[in-house]
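Engineer: Provided herewith is a single structure, encoded as structure tokens, for subsequent inquiry.
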Amino acid sequence: MEQEKVIYTKEELARRVKVPAIVEQDLKRIISDRLEQCGLYFRVFSRIKTASSMAHKFELKEYGEERKLQDLVGVRVNLYFDDDVDICRNIMEHTFEAIEWSTSERSEEEFKPTKLNGVFRLPEYLKSEISPDTWDMYIDDTFEIQIKTMFFEGWHEIEHDMRYKGEELWRNYRGFSRYFNSILATLELCDKSMVTLFEDLGHALYKSGRWSDMIKSHFRLKLGEASLYPEVEQLLNEDAVNNDNLAKRIYKTSKTTLVEQLLRRSRKIPINVNTIISLLNESQFHDSRLSAIFKEKDVYNDGREESVAESRHYELKPLTRHAVFQMLTQIDGSRMKTDQPITSELIFERASEYIYRWIVQKYGDLFKDMPQEISAYHADVLAYHVTIKFDRRQRRMNMHVRHMDLEVGGRIWYSEANLETAKDGRVFLKVCNGYAEPENEHHIIQESNGMFFSYPGYYKSIVDSIGIFNGTECANRRRILREEQVPELQRALRDKQRVFPIVLIVSREAEDGMMDEEWLGQFRVSDFTRTVWRYAHVFTCYESVGVKILEDLGRELPSEMASLEETAPRLYIFYPDGDYDSYGPEDVINCSFGRHLEARGDARTYDIVRGGQAFYHKIVTDLRDWNVSADMWEGFKLELLTEIPG
């Protein structure tokens, strides 16, 4: 039966298919390590298929149960010598589980860039890093390796775009097409000629008795600078008079045979003229004279060249903490739904349950002995750490958890919380989410921590289900201030314990008596409130109420608002540190914002928006930047924390 064509949208693929960078990085590292072990000249490139690219491929081809997309992750190996292609293919087959190979066909009349494509099964530990939804979308648990020579690599993209996908360019212009063919034929000839050149050179060097140079030219591997042992050189010179001499046997040995011996070693060894002869002697020649020399010299360790890992110097630097969310607030129980009396004991118990349940869900699979019920606990597994101190009698809970970032080396994410009951019975929560990493002196321009802004799940649960008070009650709905409510807002504005910024939107009254908010454009107050309500208060009011609030605060009005006619419409942000921002219609109209859509590695995508939509993103970003930069509380000392915190 003919299968039905499946098409996924870019948005659906972006939402469901999540491939961490570690998958691409590990595949590239494994391949590079194997090729370095045998000394080939190569370059390795890799990519994770973007949502747009996948969506386009689903449109072009028919995928289903019988045929799935196979190149979610792609690795390209560029080789410098044509005869290394088959060697590389053999290495890949012995490194991964091969599914199939395909190659571009060559005919006598046509020349085109030649590539060898292999499809391999993803290692299980890397497959588990990819979002499970991926495998429900006709995407195979495979990755692709392309093997090409360096000569053809530069022209492959041109050929693909301007011949394979651009056939109309050549229609009725056979002369130009023939000319292009001749260029590709020249490149193919260059590939073959380069190998022939070094083979002929190697033979000439053999005839001249230049054994070290013969080995370099014949095998064409990356060799260390070690000189040929004098004893070996003397033996090769003396043996040269024989018909089947050792030097000739070395020259007659294929590169493939040598590479196989290098790959059979249990560890990477230095590749030089001495180790090459020793390996060939152990596997092919079995000459007792050579064996005696190499045993005496301990060839694989004597004068051994340091590997990159051994010679690399790692300067350990202290980790610097960066907050991505922080909070210091009272939990007031205003959103609790219960038949029980709302007491500080009940508030503390519910809040500690949310915190502990979040820890168990996040780290329980790593720490199998973690109790399901709230209790003090401490455990470390490599870069994963959980510390909890719980005192139900004193109604205190401290916790610190951290784990390594699977995509960014050297970065550790942490979350800290302090839940305690004051002497007057009020319950307070302190939260700090963040990451720590060594300072990188090479990165002069740092991304704002507001870009990583995120509060932990337990904080969301506490705010939504228990309720908090921060200068005033927290609310996720639009609030219109009436004149009788002004004193309450004034108290919140003057509250020295408040850490929520207060956003006040003052608008004029429309002819129908409603609030005229046309000046805000696409800035939707209700949507804005639902976005920021867990870390900022949002109030709206008519001009008369706004004027009273500003006058009673005793603040100087900005010069552009000297007359009451210019008081509204306007948006104010009152920060807890006493600072404030003021914006009018002209700020909304002229606002431009580079909205960050997605990021992969260093390649970022921005969508430039303007007007009310841009103003919305700007104000949200300002509130988040203030939160991560505010000095709310120190938290635990990450670099000193090894036991349960006090």
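Each chain in the structure tokens gets a letter, A, B and so on, in the order shown; residues start at 1 in every chain, and ligands are counted from 1 in the order they appear.
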So which residues of stretch 228-452 of chain A fall under helix (DSSP H, G or I) by DSSP, listed as a ChimeraX atom specification?
Structural biologist: /A:230-239,246-252,255-264,273-285,288-297,308-311,344-363,449-452
Engineer: Could you tell me, as a tab-separated table (two decimals) with N, CA and C atoms, in the first residue's frame, which residues of stretch 162-385 of chain A DSSP assigns to strand (DSSP E) when given the backbone?
Structural biologist:
```tsv
chain	number	residue	atom	x	y	z
A	319	LEU	N	34.66	29.39	40.66
A	319	LEU	CA	33.39	29.58	39.98
A	319	LEU	C	32.73	30.87	40.44
A	320	THR	N	32.24	31.63	39.50
A	320	THR	CA	31.53	32.88	39.81
A	320	THR	C	30.04	32.65	39.65
A	321	ARG	N	29.29	33.05	40.66
A	321	ARG	CA	27.84	32.83	40.65
A	321	ARG	C	27.12	33.92	39.85
A	322	HIS	N	26.08	33.50	39.14
A	322	HIS	CA	25.22	34.43	38.40
A	322	HIS	C	23.77	34.03	38.67
A	323	ALA	N	23.01	34.95	39.24
A	323	ALA	CA	21.60	34.66	39.52
A	323	ALA	C	20.78	34.76	38.24
A	324	VAL	N	19.81	33.86	38.09
A	324	VAL	CA	18.84	33.96	36.99
A	324	VAL	C	17.43	34.17	37.54
A	325	PHE	N	17.29	34.11	38.85
A	325	PHE	CA	16.05	34.50	39.52
A	325	PHE	C	16.32	34.53	41.01
A	326	GLN	N	15.76	35.53	41.69
A	326	GLN	CA	15.86	35.57	43.15
A	326	GLN	C	14.60	36.21	43.74
A	327	MET	N	14.32	35.83	44.96
A	327	MET	CA	13.12	36.33	45.61
A	327	MET	C	13.26	36.25	47.12
A	328	LEU	N	12.69	37.23	47.79
A	328	LEU	CA	12.58	37.27	49.25
A	328	LEU	C	11.18	37.79	49.55
A	329	THR	N	10.30	36.91	50.04
A	329	THR	CA	8.90	37.29	50.16
A	329	THR	C	8.20	36.55	51.28
A	330	GLN	N	7.08	37.11	51.72
A	330	GLN	CA	6.23	36.44	52.70
A	330	GLN	C	5.24	35.53	51.99
A	331	ILE	N	5.03	34.34	52.56
A	331	ILE	CA	3.98	33.44	52.06
A	331	ILE	C	2.78	33.65	52.97
A	377	TYR	N	18.53	15.56	54.38
A	377	TYR	CA	19.17	14.64	53.44
A	377	TYR	C	20.40	15.31	52.85
A	378	HIS	N	21.42	14.50	52.59
A	378	HIS	CA	22.63	15.02	51.95
A	378	HIS	C	23.24	13.94	51.09
A	379	ALA	N	23.56	14.27	49.82
A	379	ALA	CA	24.17	13.28	48.92
A	379	ALA	C	24.90	13.99	47.79
A	380	ASP	N	25.97	13.32	47.32
A	380	ASP	CA	26.74	13.81	46.17
A	380	ASP	C	27.00	12.65	45.23
A	381	VAL	N	26.80	12.87	43.95
A	381	VAL	CA	27.22	11.93	42.92
A	381	VAL	C	27.88	12.75	41.82
A	384	TYR	N	26.54	16.14	40.79
A	384	TYR	CA	25.17	16.31	41.28
A	384	TYR	C	25.19	16.37	42.80
A	385	HIS	N	24.43	17.30	43.36
A	385	HIS	CA	24.50	17.54	44.80
A	385	HIS	C	23.10	17.91	45.32
```
Engineer: Restricting the calculation to only C-alpha atoms: of A:Ile412, A:Pro585, A:Leu493, A:Ala510, which residue gets closest to A:Ala383?
Structural biologist: A:Ile412
Engineer: Using only C-alpha atoms, which of A:Phe528, A:Tyr572, A:Phe523, A:Phe453 sits nearest A:Ser629?
Structural biologist: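 Smallest separation from A:Ser629 among the options: A:Phe453.
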Engineer: Skipping near chain neighbours, those fewer than 5 positions away, what residues fall within 12 Å of A:Ile130 using only C-alpha atoms, listed as a list of chain:residue names?
Structural biologist: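 Near A:Ile130, the qualifying residues are A:Arg16, A:Val17, A:Lys18, A:Val19, A:Pro20, A:Ala21, A:Ile22, A:Val23, A:Glu24, A:Ile48, A:Leu72, A:Val73, A:Leu122, A:Pro123, A:Glu124, A:Tyr125, A:Trp135, A:Ile139, A:Asp140, A:Asp141, A:Thr142, A:Leu406.
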Engineer: Restricted to N, CA and C atoms, what would the selected residues look like written as a compact mmCIF listing (two decimals), in the first residue's frame?
Structural biologist:
```
# COMPACT_ATOMS: atom_id res chain seq x y z
N ARG A 16 8.93 19.70 19.70
CA ARG A 16 8.99 18.30 20.12
C ARG A 16 10.36 17.66 19.95
N VAL A 17 11.15 18.14 18.99
CA VAL A 17 12.45 17.52 18.73
C VAL A 17 13.54 18.35 19.40
N LYS A 18 14.07 17.83 20.49
CA LYS A 18 15.11 18.53 21.26
C LYS A 18 16.38 17.66 21.26
N VAL A 19 17.43 18.17 20.62
CA VAL A 19 18.69 17.44 20.55
C VAL A 19 19.76 18.25 21.27
N PRO A 20 20.16 17.85 22.47
CA PRO A 20 21.20 18.60 23.20
C PRO A 20 22.51 18.62 22.42
N ALA A 21 23.29 19.65 22.62
CA ALA A 21 24.56 19.79 21.90
C ALA A 21 25.52 18.65 22.20
N ILE A 22 25.36 18.00 23.37
CA ILE A 22 26.28 16.92 23.74
C ILE A 22 26.22 15.77 22.73
N VAL A 23 25.07 15.57 22.08
CA VAL A 23 24.94 14.49 21.10
C VAL A 23 25.87 14.75 19.92
N GLU A 24 25.78 15.96 19.38
CA GLU A 24 26.65 16.34 18.26
C GLU A 24 28.12 16.35 18.69
N ILE A 48 23.42 19.76 13.85
CA ILE A 48 22.12 19.19 14.22
C ILE A 48 21.10 19.82 13.28
N LEU A 72 19.17 13.30 11.41
CA LEU A 72 18.89 14.29 12.45
C LEU A 72 20.19 14.96 12.89
N VAL A 73 21.24 14.16 13.04
CA VAL A 73 22.58 14.68 13.31
C VAL A 73 23.47 14.27 12.14
N LEU A 122 22.52 5.56 16.35
CA LEU A 122 23.00 6.39 17.45
C LEU A 122 23.37 5.51 18.65
N PRO A 123 24.51 5.75 19.28
CA PRO A 123 24.79 5.04 20.54
C PRO A 123 23.64 5.25 21.52
N GLU A 124 23.30 4.23 22.28
CA GLU A 124 22.13 4.27 23.14
C GLU A 124 22.19 5.41 24.15
N TYR A 125 23.40 5.67 24.69
CA TYR A 125 23.50 6.71 25.72
C TYR A 125 23.26 8.11 25.13
N TRP A 135 11.02 10.27 18.46
CA TRP A 135 10.89 8.95 17.84
C TRP A 135 9.45 8.63 17.44
N ILE A 139 11.15 9.98 12.58
CA ILE A 139 12.57 10.33 12.61
C ILE A 139 13.32 9.13 13.18
N ASP A 140 14.31 8.65 12.46
CA ASP A 140 15.03 7.44 12.86
C ASP A 140 16.09 7.75 13.90
N ASP A 141 16.41 6.75 14.72
CA ASP A 141 17.44 6.93 15.75
C ASP A 141 18.82 6.67 15.13
N THR A 142 19.10 7.41 14.06
CA THR A 142 20.34 7.25 13.32
C THR A 142 21.00 8.60 13.11
N LEU A 406 24.60 20.03 30.77
CA LEU A 406 24.96 18.97 29.82
C LEU A 406 25.43 19.53 28.48
```
Engineer: Can you list, as a list in words, every protein, DNA or RNA residue that comes within 12 Å of A:Asn281 when you count only C-alpha atoms, leaving out same-chain residues fewer than 6 positions away?
Structural biologist: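 Counting only C-alpha atoms, the residues come to Val232, Leu246, Ala247, Arg249, Ile250, Thr253, Thr257, Leu258, Gln261, Asn274, Thr275, Asp287, Ser288, Arg289, Leu290, Ser291, Ala292, Ile293, Phe294 and Lys295 of chain A.
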Engineer: Would you mind exporting C-alpha atoms of the selected residues as a PDB file, in the first residue's frame?
Structural biologist:
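For reference, out_29.pdb as written:
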```pdb
ATOM      1  CA  VAL A 232      67.549   0.762  13.035  1.00  0.00           C
ATOM      2  CA  LEU A 246      63.510  -4.760   5.260  1.00  0.00           C
ATOM      3  CA  ALA A 247      63.254  -1.321   3.645  1.00  0.00           C
ATOM      4  CA  ARG A 249      59.124  -4.721   2.793  1.00  0.00           C
ATOM      5  CA  ILE A 250      58.245  -1.492   4.603  1.00  0.00           C
ATOM      6  CA  THR A 253      53.272  -2.574   3.060  1.00  0.00           C
ATOM      7  CA  THR A 257      47.703  -2.494   6.978  1.00  0.00           C
ATOM      8  CA  LEU A 258      49.527   0.093   9.085  1.00  0.00           C
ATOM      9  CA  GLN A 261      47.730  -1.987  13.529  1.00  0.00           C
ATOM     10  CA  ASN A 274      60.260   4.156  14.934  1.00  0.00           C
ATOM     11  CA  THR A 275      56.782   3.107  16.105  1.00  0.00           C
ATOM     12  CA  ASP A 287      62.524  -9.807  12.377  1.00  0.00           C
ATOM     13  CA  SER A 288      64.422 -10.758  15.555  1.00  0.00           C
ATOM     14  CA  ARG A 289      67.012  -8.018  15.035  1.00  0.00           C
ATOM     15  CA  LEU A 290      64.379  -5.292  14.976  1.00  0.00           C
ATOM     16  CA  SER A 291      62.563  -6.866  17.920  1.00  0.00           C
ATOM     17  CA  ALA A 292      65.736  -6.725  20.028  1.00  0.00           C
ATOM     18  CA  ILE A 293      66.367  -3.063  19.210  1.00  0.00           C
ATOM     19  CA  PHE A 294      62.811  -1.963  19.979  1.00  0.00           C
ATOM     20  CA  LYS A 295      62.644  -3.974  23.198  1.00  0.00           C
TER      21      LYS A 295
END
```
Engineer: Can you pull out the residues contacting A:Ala422? Cut-off 12 Å, using only C-alpha atoms, and skip same-chain residues under 3 positions away; I want them as a ChimeraX atom specification.
Structural biologist: /A:330-331,344-345,348,394-396,419,425-429
Engineer: Calculated over only C-alpha atoms, which of the candidates A:Phe58, A:Tyr455, A:Tyr414, A:Phe574 has the smallest distance to A:Ala436?
Structural biologist: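 Nearest candidate to A:Ala436 out of A:Phe58, A:Tyr455, A:Tyr414, A:Phe574: A:Tyr414.
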Engineer: So how far away is atom CA of A:Val499 from atom CA of A:Gly584, in Å?
Structural biologist: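 Value for the atom CA of A:Gly584-atom CA of A:Val499 distance: 24.7 Å.
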Engineer: Which distance in Å separates atom CA of A:Ser131 and atom CA of A:Glu144, to one decimal?
Structural biologist: 18.8 Å
